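Undergrad: File follows, target_9.txt with compact mmCIF, C-alpha atoms:
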# COMPACT_ATOMS: atom_id res chain seq x y z
CA MET A 217 -7.81 -6.38 30.81
CA PRO A 218 -6.77 -6.65 27.15
CA GLU A 219 -3.31 -7.93 26.26
CA ARG A 220 -0.80 -5.08 25.88
CA VAL A 221 2.67 -5.30 24.45
CA ARG A 222 5.48 -2.80 24.95
CA ALA A 223 6.68 -1.31 21.70
CA GLY A 224 9.63 0.82 20.67
CA VAL A 225 9.90 2.92 17.53
CA VAL A 226 13.43 3.45 16.25
CA GLY A 227 13.88 6.42 13.94
CA ALA A 228 10.70 7.96 15.27
CA SER A 229 11.26 11.55 14.18
CA GLY A 230 10.77 10.90 10.46
CA TYR A 231 7.45 10.80 8.67
CA ILE A 232 7.11 7.01 8.84
CA GLY A 233 8.14 7.11 12.49
CA GLY A 234 5.47 9.72 13.17
CA GLU A 235 2.81 7.60 11.54
CA LEU A 236 3.94 4.58 13.53
CA LEU A 237 3.55 6.62 16.71
CA ARG A 238 0.12 7.91 15.67
CA LEU A 239 -1.16 4.40 14.93
CA LEU A 240 0.48 2.64 17.88
CA LEU A 241 -0.64 5.28 20.40
CA GLY A 242 -4.21 4.55 19.32
CA HIS A 243 -3.79 0.79 19.34
CA PRO A 244 -5.67 -0.93 22.17
CA HIS A 245 -3.07 -3.68 22.60
CA VAL A 246 0.11 -1.60 22.41
CA GLU A 247 1.91 0.64 24.87
CA VAL A 248 4.53 2.82 23.19
CA ALA A 249 7.42 2.51 25.62
CA THR A 250 10.11 4.35 23.72
CA ALA A 251 10.74 6.40 20.60
CA THR A 252 14.26 7.13 19.44
CA SER A 253 15.79 9.96 17.47
CA THR A 254 19.46 10.78 17.11
CA ARG A 255 18.76 14.38 16.17
CA LEU A 256 15.96 15.17 18.65
CA ALA A 257 16.90 13.07 21.71
CA GLY A 258 15.47 14.75 24.81
CA ARG A 259 12.78 16.67 22.93
CA ARG A 260 9.08 15.81 23.14
CA VAL A 261 7.82 13.75 20.19
CA ASP A 262 5.18 16.39 19.47
CA THR A 263 7.94 18.83 18.51
CA ALA A 264 8.47 16.70 15.39
CA HIS A 265 4.87 15.45 15.09
CA PRO A 266 2.56 18.30 16.13
CA ASN A 267 -0.53 16.19 15.36
CA LEU A 268 0.35 14.21 18.51
CA ARG A 269 -0.02 17.20 20.86
CA GLY A 270 -2.20 16.16 23.76
CA VAL A 271 -1.97 12.52 22.72
CA THR A 272 1.31 11.66 24.41
CA ASP A 273 3.95 13.09 26.71
CA LEU A 274 6.69 10.88 25.27
CA ALA A 275 10.10 12.39 24.56
CA PHE A 276 12.62 11.03 22.08
CA VAL A 277 15.55 9.10 23.49
CA SER A 278 18.91 8.44 21.92
CA PRO A 279 19.11 5.15 19.97
CA GLU A 280 21.97 4.17 22.28
CA SER A 281 19.56 4.22 25.26
CA LEU A 282 17.21 1.63 23.80
CA GLU A 283 16.05 -0.89 26.38
CA PRO A 284 14.41 -4.26 25.80
CA VAL A 285 10.77 -4.20 24.67
CA ASP A 286 8.38 -6.77 23.23
CA VAL A 287 8.51 -5.37 19.70
CA LEU A 288 10.67 -2.89 17.84
CA PHE A 289 9.43 -1.03 14.79
CA LEU A 290 12.39 0.18 12.74
CA ALA A 291 11.95 3.33 10.68
CA THR A 292 15.67 3.67 10.21
CA PRO A 293 17.53 4.52 6.98
CA HIS A 294 18.29 1.97 4.30
CA LYS A 295 21.80 0.49 4.57
CA GLN A 296 22.16 1.59 8.21
CA THR A 297 19.50 -0.82 9.46
CA MET A 298 21.33 -3.96 8.38
CA ALA A 299 24.42 -2.91 10.33
CA ARG A 300 22.45 -2.61 13.57
CA MET A 301 20.05 -5.51 13.05
CA PRO A 302 21.89 -7.96 15.38
CA GLU A 303 21.59 -5.37 18.17
CA PHE A 304 17.87 -4.83 17.47
CA LEU A 305 17.20 -8.56 17.45
CA GLY A 306 18.76 -8.77 20.90
CA LEU A 307 16.43 -6.12 22.29
CA ALA A 308 13.02 -7.40 21.22
CA GLY A 309 11.30 -10.71 20.62
CA GLN A 310 9.71 -9.28 17.50
CA VAL A 311 11.15 -6.83 15.01
CA VAL A 312 9.21 -5.09 12.25
CA ASP A 313 11.61 -3.42 9.81
CA LEU A 314 10.38 -0.68 7.48
CA SER A 315 13.74 -0.06 5.82
CA ALA A 316 14.64 -1.68 2.51
CA ASP A 317 17.44 -3.78 3.95
CA PHE A 318 15.61 -7.07 4.44
CA ARG A 319 13.07 -6.94 1.62
CA LEU A 320 15.09 -8.70 -1.07
CA ARG A 321 15.92 -12.37 -0.62
CA ASP A 322 18.84 -12.23 -3.05
CA PRO A 323 21.88 -10.30 -1.74
CA ALA A 324 23.11 -9.86 -5.32
CA ALA A 325 19.86 -8.07 -6.19
CA PHE A 326 20.32 -5.87 -3.12
CA ALA A 327 23.84 -4.95 -4.23
CA ARG A 328 22.63 -4.22 -7.75
CA TYR A 329 19.80 -1.92 -6.68
CA TYR A 330 21.34 -0.32 -3.58
CA GLY A 331 24.90 0.05 -4.82
CA GLU A 332 26.71 -1.81 -2.07
CA PRO A 333 26.94 -5.34 -0.70
CA HIS A 334 24.51 -6.50 1.97
CA THR A 335 26.32 -6.64 5.31
CA ALA A 336 24.03 -9.22 6.96
CA PRO A 337 23.08 -11.64 4.16
CA GLY A 338 22.75 -14.49 6.65
CA LEU A 339 19.71 -12.79 8.18
CA LEU A 340 17.77 -12.25 4.93
CA ASP A 341 15.96 -15.58 4.94
CA GLY A 342 14.70 -15.04 8.48
CA PHE A 343 12.38 -12.19 7.53
CA ALA A 344 8.78 -12.66 6.46
CA CYS A 345 7.31 -10.15 4.02
CA GLY A 346 4.99 -7.69 5.76
CA LEU A 347 2.26 -7.86 3.15
CA PRO A 348 -0.61 -9.84 4.70
CA GLU A 349 -2.52 -10.10 1.43
CA LEU A 350 0.24 -12.39 0.09
CA HIS A 351 1.97 -13.67 3.21
CA ARG A 352 -0.64 -14.01 5.96
CA LYS A 353 0.29 -17.57 6.77
CA GLU A 354 4.02 -16.85 7.24
CA LEU A 355 3.28 -13.71 9.24
CA ALA A 356 1.21 -15.65 11.76
CA ASP A 357 4.36 -16.94 13.42
CA ALA A 358 7.02 -14.54 12.13
CA ASP A 359 9.21 -12.77 14.68
CA ARG A 360 11.06 -10.82 11.98
CA ILE A 361 8.99 -8.88 9.50
CA SER A 362 10.17 -6.72 6.60
CA VAL A 363 7.59 -4.31 5.21
CA PRO A 364 7.72 -3.73 1.44
CA GLY A 365 8.23 -0.31 -0.12
CA CYS A 366 5.24 1.92 -0.70
CA MET A 367 5.25 1.84 -4.51
CA ALA A 368 6.11 -1.85 -4.45
CA THR A 369 3.12 -2.55 -2.19
CA ALA A 370 0.78 -0.77 -4.57
CA ALA A 371 2.19 -2.48 -7.65
CA ILE A 372 2.20 -5.93 -6.08
CA LEU A 373 -1.42 -5.60 -4.99
CA ALA A 374 -2.39 -4.34 -8.45
CA LEU A 375 -0.61 -7.18 -10.25
CA ALA A 376 -1.07 -10.18 -7.94
CA PRO A 377 -4.60 -11.21 -8.99
CA ALA A 378 -3.70 -10.91 -12.67
CA VAL A 379 -0.37 -12.75 -12.80
CA GLU A 380 -1.83 -15.75 -14.62
CA LEU A 381 -3.83 -13.56 -17.00
CA ILE A 382 -1.08 -11.29 -18.33
CA GLU A 383 2.12 -11.62 -20.34
CA PRO A 384 5.15 -11.58 -18.04
CA ASP A 385 6.64 -8.25 -19.15
CA VAL A 386 5.04 -5.30 -17.34
CA ILE A 387 5.72 -1.60 -17.10
CA VAL A 388 4.94 0.04 -13.77
CA ASP A 389 4.50 3.81 -13.90
CA ALA A 390 4.45 5.11 -10.32
CA ARG A 391 3.61 8.56 -8.99
CA THR A 392 4.41 9.58 -5.44
CA GLY A 393 3.90 12.48 -3.07
CA SER A 394 6.77 14.40 -1.51
CA SER A 395 6.59 12.70 1.91
CA GLY A 396 8.06 9.62 0.23
CA SER A 397 11.41 11.36 0.10
CA GLY A 398 11.51 11.81 3.86
CA ALA A 399 11.67 14.66 6.35
CA THR A 400 15.24 15.75 5.69
CA ALA A 401 15.57 19.06 3.86
CA GLY A 402 17.74 19.30 0.77
CA PRO A 403 18.13 21.34 -2.41
CA ALA A 404 15.74 19.07 -4.30
CA ASN A 405 12.82 19.47 -1.91
CA THR A 406 12.58 23.14 -1.11
CA HIS A 407 9.14 24.56 -1.78
CA ALA A 408 10.44 26.53 -4.77
CA GLU A 409 11.82 23.42 -6.43
CA ARG A 410 9.09 21.01 -5.48
CA SER A 411 5.87 22.95 -5.82
CA GLY A 412 4.14 22.26 -9.11
CA ALA A 413 6.86 19.87 -10.24
CA LEU A 414 6.26 16.58 -12.02
CA ARG A 415 9.72 15.22 -11.40
CA VAL A 416 10.66 11.98 -13.11
CA PHE A 417 13.21 11.05 -10.51
CA ALA A 418 13.57 7.44 -11.67
CA PRO A 419 13.00 7.22 -15.43
CA THR A 420 14.29 3.64 -15.40
CA GLY A 421 15.31 1.06 -12.88
CA HIS A 422 13.61 2.23 -9.67
CA ARG A 423 14.66 0.08 -6.71
CA HIS A 424 11.17 -1.22 -6.13
CA GLU A 425 11.40 -3.08 -9.45
CA ALA A 426 13.26 -5.84 -7.66
CA GLU A 427 10.63 -6.18 -4.92
CA ILE A 428 7.78 -6.35 -7.42
CA ALA A 429 9.59 -8.93 -9.52
CA GLN A 430 10.39 -11.00 -6.43
CA ALA A 431 6.76 -10.98 -5.27
CA THR A 432 5.07 -11.59 -8.63
CA GLY A 433 7.60 -13.53 -10.69
CA LEU A 434 7.09 -11.00 -13.49
CA SER A 435 9.69 -9.07 -15.46
CA VAL A 436 9.19 -5.50 -14.30
CA ARG A 437 10.35 -2.16 -15.61
CA MET A 438 9.46 0.80 -13.47
CA THR A 439 9.44 4.55 -13.67
CA ALA A 440 8.72 6.89 -10.75
CA THR A 441 7.59 10.49 -10.75
CA GLY A 442 7.27 12.90 -7.86
CA VAL A 443 4.02 14.86 -8.04
CA GLU A 444 2.45 17.81 -6.25
CA ALA A 445 0.83 15.79 -3.44
CA VAL A 446 2.33 15.43 0.03
CA ARG A 447 0.93 11.94 0.65
CA GLY A 448 -0.06 9.24 -1.76
CA VAL A 449 1.15 6.74 -4.30
CA GLN A 450 -0.58 5.70 -7.49
CA VAL A 451 0.77 3.04 -9.85
CA LEU A 452 -0.33 2.29 -13.38
CA CYS A 453 0.77 -1.16 -14.51
CA HIS A 454 0.68 -1.43 -18.28
CA VAL A 455 0.20 -5.05 -19.32
CA ARG A 456 -0.68 -7.20 -22.29
CA LEU A 457 -3.39 -9.77 -21.61
CA VAL A 458 -2.89 -13.43 -22.42
CA GLU A 459 -4.73 -14.40 -25.61
CA GLY A 460 -8.45 -14.82 -24.93
CA VAL A 461 -8.49 -12.97 -21.60
CA GLY A 462 -11.02 -10.15 -21.28
CA GLU A 463 -12.36 -7.72 -18.73
CA ARG A 464 -14.74 -10.21 -17.17
CA ASP A 465 -11.80 -12.51 -16.42
CA LEU A 466 -10.11 -9.66 -14.60
CA TRP A 467 -13.27 -8.96 -12.60
CA ARG A 468 -13.44 -12.61 -11.56
CA ALA A 469 -9.76 -12.77 -10.62
CA TYR A 470 -9.77 -9.58 -8.54
CA ARG A 471 -13.02 -10.48 -6.79
CA GLU A 472 -11.74 -13.90 -5.94
CA ARG A 473 -8.43 -12.59 -4.63
CA TYR A 474 -9.67 -9.65 -2.58
CA ALA A 475 -13.25 -10.52 -1.62
CA VAL A 476 -12.43 -10.89 2.08
CA GLU A 477 -9.39 -8.63 2.39
CA PRO A 478 -9.97 -5.97 5.06
CA PHE A 479 -7.85 -3.30 3.37
CA VAL A 480 -8.06 -3.90 -0.39
CA ARG A 481 -11.03 -2.49 -2.29
CA LEU A 482 -11.89 -3.08 -5.92
CA VAL A 483 -12.49 0.23 -7.67
CA ALA A 484 -13.18 -0.06 -11.40
CA GLN A 485 -16.27 1.98 -12.08
CA ARG A 486 -17.72 3.20 -15.33
CA ARG A 487 -19.19 6.48 -14.12
CA GLY A 488 -18.45 9.37 -11.83
CA PRO A 489 -15.28 11.22 -10.84
CA HIS A 490 -13.83 8.35 -8.77
CA ARG A 491 -13.66 5.59 -11.38
CA LEU A 492 -10.22 4.23 -10.63
CA PRO A 493 -8.00 4.27 -7.54
CA ASP A 494 -6.86 7.73 -6.47
CA PRO A 495 -4.69 8.29 -3.39
CA LYS A 496 -6.40 11.60 -2.62
CA ILE A 497 -9.23 9.94 -0.68
CA LEU A 498 -6.92 7.48 1.07
CA SER A 499 -4.85 9.93 3.14
CA GLY A 500 -4.37 8.57 6.63
CA SER A 501 -6.14 5.29 5.88
CA ASN A 502 -4.75 1.79 5.55
CA PHE A 503 -6.70 0.99 2.39
CA CYS A 504 -5.17 0.11 -0.94
CA ASP A 505 -7.66 0.55 -3.77
CA VAL A 506 -7.05 -1.52 -6.90
CA GLY A 507 -8.78 -1.47 -10.27
CA PHE A 508 -8.25 -1.90 -13.97
CA ALA A 509 -9.43 -0.96 -17.42
CA THR A 510 -8.98 -2.78 -20.73
CA ASP A 511 -8.86 -1.46 -24.28
CA GLY A 512 -10.64 -4.45 -25.83
CA GLN A 513 -7.56 -5.13 -27.93
CA GLY A 514 -5.50 -7.19 -25.57
CA ARG A 515 -4.05 -4.50 -23.35
CA ALA A 516 -4.96 -3.44 -19.84
CA THR A 517 -3.96 -0.84 -17.30
CA LEU A 518 -3.96 -2.12 -13.72
CA VAL A 519 -4.17 0.65 -11.16
CA ALA A 520 -3.54 0.86 -7.42
CA ALA A 521 -3.42 3.71 -4.94
CA LEU A 522 -2.55 4.01 -1.26
CA ASP A 523 -1.19 6.38 1.36
CA ASN A 524 2.56 5.84 1.17
CA LEU A 525 3.01 6.49 4.89
CA VAL A 526 0.17 4.20 6.01
CA LYS A 527 -0.62 1.14 3.87
CA GLY A 528 2.72 1.75 2.16
CA GLY A 529 4.57 1.95 5.49
CA ALA A 530 3.40 2.32 9.09
CA GLY A 531 -0.10 0.88 8.53
CA GLY A 532 1.26 -2.11 6.67
CA ALA A 533 3.64 -2.70 9.58
CA VAL A 534 0.86 -2.52 12.18
CA GLN A 535 -1.42 -4.74 10.07
CA SER A 536 1.36 -7.33 9.78
CA PHE A 537 1.99 -7.15 13.52
CA ASN A 538 -1.72 -7.63 14.17
CA VAL A 539 -1.52 -10.82 12.11
CA ARG A 540 1.52 -11.96 14.08
CA ARG A 541 -0.23 -11.40 17.42
CA GLY A 542 -3.50 -12.95 16.31
CA TRP A 543 -5.44 -9.70 16.72
CA PRO A 544 -8.09 -8.67 14.19
CA GLU A 545 -6.25 -7.02 11.30
CA ARG A 546 -8.29 -3.82 11.53
CA THR A 547 -7.21 -3.22 15.13
CA GLY A 548 -5.87 0.32 15.40
CA LEU A 549 -6.36 0.86 11.66
CA ALA A 550 -10.04 1.67 11.34
CA PHE A 551 -9.71 5.25 10.05
CA PRO A 552 -11.45 5.32 6.65
CA GLY A 553 -9.83 8.45 5.21
CA LEU A 554 -11.28 11.86 4.51
CA HIS A 555 -13.51 13.26 1.80
CA PRO A 556 -13.16 15.94 0.70
CA VAL A 557 -9.54 16.51 1.57
CA MET B 261 -30.66 -10.58 -8.54
CA ILE B 262 -29.23 -10.66 -12.01
CA SER B 263 -25.64 -10.47 -13.21
CA CYS B 264 -24.26 -7.25 -14.63
CA PRO B 265 -23.41 -7.88 -18.31
CA GLU B 266 -20.24 -5.83 -17.89
CA CYS B 267 -18.62 -7.09 -14.68
CA GLU B 268 -20.89 -9.95 -13.50
CA GLY B 269 -21.64 -8.12 -10.27
CA ALA B 270 -25.00 -8.85 -8.63
CA VAL B 271 -27.66 -6.28 -9.60
CA ALA B 272 -30.94 -5.97 -7.72
CA LEU B 273 -34.07 -5.10 -9.73
CA ALA B 274 -37.53 -3.93 -8.75
CA GLU B 275 -40.12 -6.67 -8.64
CA PRO B 276 -41.52 -6.87 -11.25
CA PRO B 277 -38.83 -5.28 -13.43
CA HIS B 278 -39.90 -2.67 -15.94
CA LEU B 279 -38.84 -2.62 -19.56
CA ASN B 280 -36.37 0.23 -20.29
CA GLU B 281 -35.81 0.89 -16.59
CA ILE B 282 -32.27 2.16 -15.89
CA VAL B 283 -30.40 0.63 -12.98
CA ALA B 284 -26.82 0.98 -11.75
CA CYS B 285 -24.47 -1.90 -11.03
CA PRO B 286 -23.21 -1.53 -7.45
CA GLU B 287 -19.76 -2.84 -8.38
CA CYS B 288 -18.73 -1.22 -11.66
CA ALA B 289 -21.24 1.65 -11.42
CA GLY B 290 -22.24 1.02 -15.02
CA GLU B 291 -25.73 2.19 -16.01
CA LEU B 292 -27.79 -0.72 -17.25
CA GLU B 293 -31.07 -0.82 -19.12
CA VAL B 294 -33.68 -3.50 -18.65
CA VAL B 295 -34.03 -4.68 -22.27
CA GLY B 296 -36.20 -7.70 -21.56
CA VAL B 297 -38.53 -8.84 -18.77
CA ASP B 298 -39.44 -12.38 -19.73
CA PRO B 299 -36.73 -13.47 -19.28
CA VAL B 300 -35.13 -10.51 -17.59
CA ALA B 301 -32.20 -9.12 -19.57
CA LEU B 302 -29.87 -6.18 -18.97
CA ALA B 303 -27.69 -4.30 -21.43
CA PRO B 304 -25.33 -1.36 -20.99
CA ALA B 305 -27.31 1.88 -21.20
CA PRO B 306 -26.10 4.49 -23.67
CA GLU B 307 -24.13 7.15 -21.86
CA VAL B 308 -22.42 10.42 -22.66
CA GLU B 309 -18.66 10.03 -22.31
CA GLU B 310 -16.87 12.42 -20.03
CA ASP B 311 -13.67 13.90 -21.38
CA TRP B 312 -11.23 15.34 -18.90
CA GLY B 313 -8.09 15.68 -20.91
CA GLU B 314 -8.61 17.64 -24.11
Show the structure stored in the file as structure tokens.
TA:
Amino acid sequence: MPERVRAGVVGASGYIGGELLRLLLGHPHVEVATATSTRLAGRRVDTAHPNLRGVTDLAFVSPESLEPVDVLFLATPHKQTMARMPEFLGLAGQVVDLSADFRLRDPAAFARYYGEPHTAPGLLDGFACGLPELHRKELADADRISVPGCMATAAILALAPAVELIEPDVIVDARTGSSGSGATAGPANTHAERSGALRVFAPTGHRHEAEIAQATGLSVRMTATGVEAVRGVQVLCHVRLVEGVGERDLWRAYRERYAVEPFVRLVAQRRGPHRLPDPKILSGSNFCDVGFATDGQGRATLVAALDNLVKGGAGGAVQSFNVRRGWPERTGLAFPGLHPV
Amino acid sequence: MISCPECEGAVALAEPPHLNEIVACPECAGELEVVGVDPVALAPAPEVEEDWGE
């Protein structure tokens, strides 16, 4: 009988919560014991996530009815999660947080980017970063995991192999699908306003700047644009190469860094329609594709793409939890994506 | 196996290789021409650029 742990998903009616349920319900070592929703308590989870019809009979419960489990996955809103974290830590031996509240080590940086002071700064150091490609060793015994933001994940994976080969000032131009803004309706995301839009919603100073800078040590300026897609993130990192560095050096660095990674693929091809990473073919998968191109004059564009709800959220959380439990990282995450889609 | 002159990926050639044969690098997908056989040498093959944006 394989080992099975009891899991709870808090904030399970949102898009990230739905993806957590989809992945955990298919995970051979996890039993989803509870899924909470303030708004939909008492309703079946497939009312919010119709793709789960016939997969589960679970119904949402109120967050106040949470009972102890082995692991809690938190898909709760930024700023609210930190207020309830002591309660969550008392309910589960392991907590995997997908909110932004425990990503930044520096409470001053949190206050600067999120507009209010951190209410649990004493807990910040206790969280390991849920990005196995950079933090596998810490994750192996981490009981508190904080999963990075979707655009931050893409940018960090694009930049990490090149940190020693580029000048420290980088510009990250990120594009994201509409699911990144959540499942709550508002005047900015009606079909009439959103369809066909290329909305530069963060022309400067996007919050994920701080996460990317923290992970890479680089000085980062970031823009973010909402595009027509529902799922998907693509980042273009515009960099200047250190004197003497060329494309072959980038090939060596990326190969060396990602040769054995289960979910990072090097995509930098010279022919065909799929030359550089494109989130279109990654929908539903836990892959992050990374690549690059140089201009031969000292500049390069480093590119990464992923599904914001999977590798940039629920999949990254499950992969990190797999590392923590000592299970193969691909467990429950084998879906390769669709083509065409 | 021989290294791709563009990305240093490992490229497999027919045995024996043929002069002017075109092969593709499995890593960067670049088209390569066998420009020498003794010793074996590869060079990027001329290609028509695609233009998607104008």
Undergrad: Applying 12 Å and only C-alpha atoms, which residues near A:Gly433 remain after dropping the ones on its own chain fewer than 6 positions away? List them as a PyMOL selection string.
TA: chain A and resi 372+375-376+378-380+382-386+425-427
Undergrad: How would the residues just chosen look if you wrote them out with C-alpha atoms as a PDB file, in the frame of the given file?
TA:
ATOM      1  CA  ILE A 372       2.200  -5.930  -6.080  1.00  0.00           C
ATOM      2  CA  LEU A 375      -0.610  -7.180 -10.250  1.00  0.00           C
ATOM      3  CA  ALA A 376      -1.070 -10.180  -7.940  1.00  0.00           C
ATOM      4  CA  ALA A 378      -3.700 -10.910 -12.670  1.00  0.00           C
ATOM      5  CA  VAL A 379      -0.370 -12.750 -12.800  1.00  0.00           C
ATOM      6  CA  GLU A 380      -1.830 -15.750 -14.620  1.00  0.00           C
ATOM      7  CA  ILE A 382      -1.080 -11.290 -18.330  1.00  0.00           C
ATOM      8  CA  GLU A 383       2.120 -11.620 -20.340  1.00  0.00           C
ATOM      9  CA  PRO A 384       5.150 -11.580 -18.040  1.00  0.00           C
ATOM     10  CA  ASP A 385       6.640  -8.250 -19.150  1.00  0.00           C
ATOM     11  CA  VAL A 386       5.040  -5.300 -17.340  1.00  0.00           C
ATOM     12  CA  GLU A 425      11.400  -3.080  -9.450  1.00  0.00           C
ATOM     13  CA  ALA A 426      13.260  -5.840  -7.660  1.00  0.00           C
ATOM     14  CA  GLU A 427      10.630  -6.180  -4.920  1.00  0.00           C
TER      15      GLU A 427
END
Undergrad: When you count all atoms listed in the file, which of these residues is closest to chain B: A:Leu466, A:Ala299, A:Leu307, A:Ala550?
TA: A:Leu466
Undergrad: Could you check which of A:Leu554, A:Val480, A:Val534, A:Ala509 is closest to chain B, using all atoms listed in the file?
TA: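 For chain B, the nearest of the candidates is A:Ala509.
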Undergrad: For a quick test of understanding: name the residues of chain B lying within 8 Å of chain A when counting only C-alpha atoms, and present them as a list in words.
TA: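 Selected residues: Glu266, Cys267, Glu268, Glu287, Cys288, Ala289 and Gly290 of chain B.
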Undergrad: For atom CA of A:Leu274 and atom CA of A:Gly234, determine how far apart the two atoms are, in Å to one decimal place.
TA: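 Atom CA of A:Gly234 lies at a distance of 12.2 Å from atom CA of A:Leu274.
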Undergrad: Extract, using all atoms listed in the file, all DNA, RNA and protein residues at most 12 Å from A:Gly529, discarding same-chain residues fewer than 5 positions from it, and format them as JSON, numbers by chain.
TA: {"A": [230, 231, 232, 233, 234, 235, 236, 239, 289, 290, 291, 312, 313, 314, 315, 316, 346, 347, 362, 363, 364, 365, 366, 367, 368, 369, 370, 395, 396, 447, 448, 449, 500, 501, 502, 503, 504, 522, 523, 524, 534, 535, 536]}
Undergrad: What is the atom CA of A:Ala521-atom CA of A:Arg546 distance in Å, reported with one decimal?
TA: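 Result for atom CA of A:Ala521 versus atom CA of A:Arg546: 18.8 Å, one decimal.
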Undergrad: Between atom CA of A:Pro377 and atom CA of A:Gly460, what is the spacing in Å?
TA: 16.8 Å
Undergrad: Env of stretch 269-275 of chain B: 6 Å cut, atoms = all atoms listed in the file, seq-sep filter 6 positions within chain, self excluded. Answer as number ranges by chain.
TA: B: 261-263, 285, 287
Undergrad: Using all atoms listed in the file, which protein or nucleic acid residues come within 9 Å of A:Val248? Drop anything in the same chain fewer than 2 positions from it, and give the result as a list in words.
TA: Val221, Arg222, Ala223, Gly224, Val225, Leu237, Leu240, Leu241, Val246, Thr250, Ala251 and Leu274 of chain A
Undergrad: Output C-alpha atoms for every residue in that selection, as a short mmCIF file (atom, residue, chain, number, x, y, z; two decimals), in the frame of the given file.
TA:
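out.cif, freshly written:
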data_model
loop_
_atom_site.label_atom_id
_atom_site.label_comp_id
_atom_site.auth_asym_id
_atom_site.auth_seq_id
_atom_site.Cartn_x
_atom_site.Cartn_y
_atom_site.Cartn_z
CA VAL A 221 2.67 -5.30 24.45
CA ARG A 222 5.48 -2.80 24.95
CA ALA A 223 6.68 -1.31 21.70
CA GLY A 224 9.63 0.82 20.67
CA VAL A 225 9.90 2.92 17.53
CA LEU A 237 3.55 6.62 16.71
CA LEU A 240 0.48 2.64 17.88
CA LEU A 241 -0.64 5.28 20.40
CA VAL A 246 0.11 -1.60 22.41
CA THR A 250 10.11 4.35 23.72
CA ALA A 251 10.74 6.40 20.60
CA LEU A 274 6.69 10.88 25.27
#
Undergrad: In terms of the shortest atom-to-atom distance over all atoms listed in the file, which of A:Met298, A:Cys345, A:Val526, A:Ala399 is closest to A:Gln430?
TA: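 Closest candidate: A:Cys345.
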Undergrad: Write out as a compact mmCIF listing (two decimals) with C-alpha atoms, keeping the file's coordinate frame which residues come within 6 Å of A:Leu518 when counting only C-alpha atoms, dropping same-chain ones fewer than 3 positions away.
TA:
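What landed in selection-v3.txt:
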# COMPACT_ATOMS: atom_id res chain seq x y z
CA ALA A 374 -2.39 -4.34 -8.45
CA LEU A 452 -0.33 2.29 -13.38
CA CYS A 453 0.77 -1.16 -14.51
CA GLY A 507 -8.78 -1.47 -10.27
CA PHE A 508 -8.25 -1.90 -13.97
